[in-house]
Amino acid sequence: MRVAAVAKTMAERDEFLPDVRYRLEQAQTTQKRHYDKQHRAVSYKLGDWVLLRLRHRPVASLDVVATAKLKPRYFGPYRIVEVINDVAVRLELPPRARLHDVFHVSLLKPWVGAPPTTRPPLPVVHNGATVPESEHVVKACLARGVR
């Protein structure tokens with residue numbers, strides 16, 4: 001009696017599994033279609049210049065002119081010194097930058113234009129916060145050329 005119940009359960013499972021596999025394949029196909037709509041194939045070479053987006057990283061060691069919604073989204077440009085794999089690259093950051101130098105390609109944006117001759121300067125940092133310089137303060141106070 002017990003063996004017949006186990007055999008019946010196993011037969012039901014064997015009928016059920018192909019349907020589950022089919023539905024999983026359908027779900028994967030749908031998710032892949034949605035992913036492919038938004039995906040952009042990005043490849044960088046050694047020596048390319050890129051802008052860096054620091055979404056969830058502290059930017060106390062990089063130049064920040066404004067706060068909150070007015071702060072720049074991208075910093076740089078920085079040169080790629082090593083391509084680790086398809087999705088990770090090493091950037092040439094300023095020597096005093098307190099950031100890890102390996103970034104995912106989704107945080108990078110290609111630099112358009114002539115590459116800079118020098119690295120972007122770092123601002124003066126006091127207690128982990130940038131000290132504004134007079135030029136930056138004047139630029140921040142100008143709105144379309146009017147003070």
# chains A, B, ... in the order shown; residues from 1 in each chain; ligands from 1
$ residues_around --residues "region 34-48 of chain A" --least-positions-apart "3" --cutoff "10 Å" --atoms "only C-alpha atoms" --output "PyMOL selection string"
chain A and resi 28-31+77-83+85-92+105-106+108-111+115
$ write_last_selection --atoms "C-alpha atoms" --output "PDB file, in the first residue's frame"
ATOM      1  CA  GLN A  28      13.670  33.347 -18.718  1.00  0.00           C
ATOM      2  CA  THR A  29      12.817  34.268 -22.312  1.00  0.00           C
ATOM      3  CA  THR A  30      10.600  37.127 -21.161  1.00  0.00           C
ATOM      4  CA  GLN A  31      13.236  38.448 -18.744  1.00  0.00           C
ATOM      5  CA  PRO A  77      37.812  62.388 -17.075  1.00  0.00           C
ATOM      6  CA  TYR A  78      40.091  59.556 -15.988  1.00  0.00           C
ATOM      7  CA  ARG A  79      42.228  57.273 -18.117  1.00  0.00           C
ATOM      8  CA  ILE A  80      41.780  53.491 -18.215  1.00  0.00           C
ATOM      9  CA  VAL A  81      45.064  51.849 -17.219  1.00  0.00           C
ATOM     10  CA  GLU A  82      43.902  48.218 -17.225  1.00  0.00           C
ATOM     11  CA  VAL A  83      40.982  46.262 -18.612  1.00  0.00           C
ATOM     12  CA  ASN A  85      37.612  41.727 -17.928  1.00  0.00           C
ATOM     13  CA  ASP A  86      34.529  42.606 -19.985  1.00  0.00           C
ATOM     14  CA  VAL A  87      32.805  44.381 -17.098  1.00  0.00           C
ATOM     15  CA  ALA A  88      35.614  45.719 -14.884  1.00  0.00           C
ATOM     16  CA  VAL A  89      38.312  48.309 -15.579  1.00  0.00           C
ATOM     17  CA  ARG A  90      41.020  49.998 -13.522  1.00  0.00           C
ATOM     18  CA  LEU A  91      41.195  53.801 -13.692  1.00  0.00           C
ATOM     19  CA  GLU A  92      44.098  56.142 -13.113  1.00  0.00           C
ATOM     20  CA  VAL A 105      31.565  49.540 -16.807  1.00  0.00           C
ATOM     21  CA  SER A 106      28.008  50.581 -15.922  1.00  0.00           C
ATOM     22  CA  LEU A 108      31.548  54.759 -16.711  1.00  0.00           C
ATOM     23  CA  LYS A 109      30.675  57.019 -19.605  1.00  0.00           C
ATOM     24  CA  PRO A 110      32.987  57.559 -22.585  1.00  0.00           C
ATOM     25  CA  TRP A 111      34.765  60.928 -22.670  1.00  0.00           C
ATOM     26  CA  PRO A 115      41.905  63.961 -23.870  1.00  0.00           C
TER      27      PRO A 115
END
$ closest_residue --among "A:Gly76, A:Ile84, A:Arg33, A:Pro95" --to "Trp49 (chain A)" --atoms "only C-alpha atoms"
A:Gly76
$ atom_distance --atom1 "CA of Arg96 (chain A)" --atom2 "CA of Phe75 (chain A)"
15.1 Å
$ closest_residue --among "A:Leu52, A:Ala114, A:Leu107, A:Ala5" --to "Leu93 (chain A)" --atoms "only C-alpha atoms"
A:Leu52
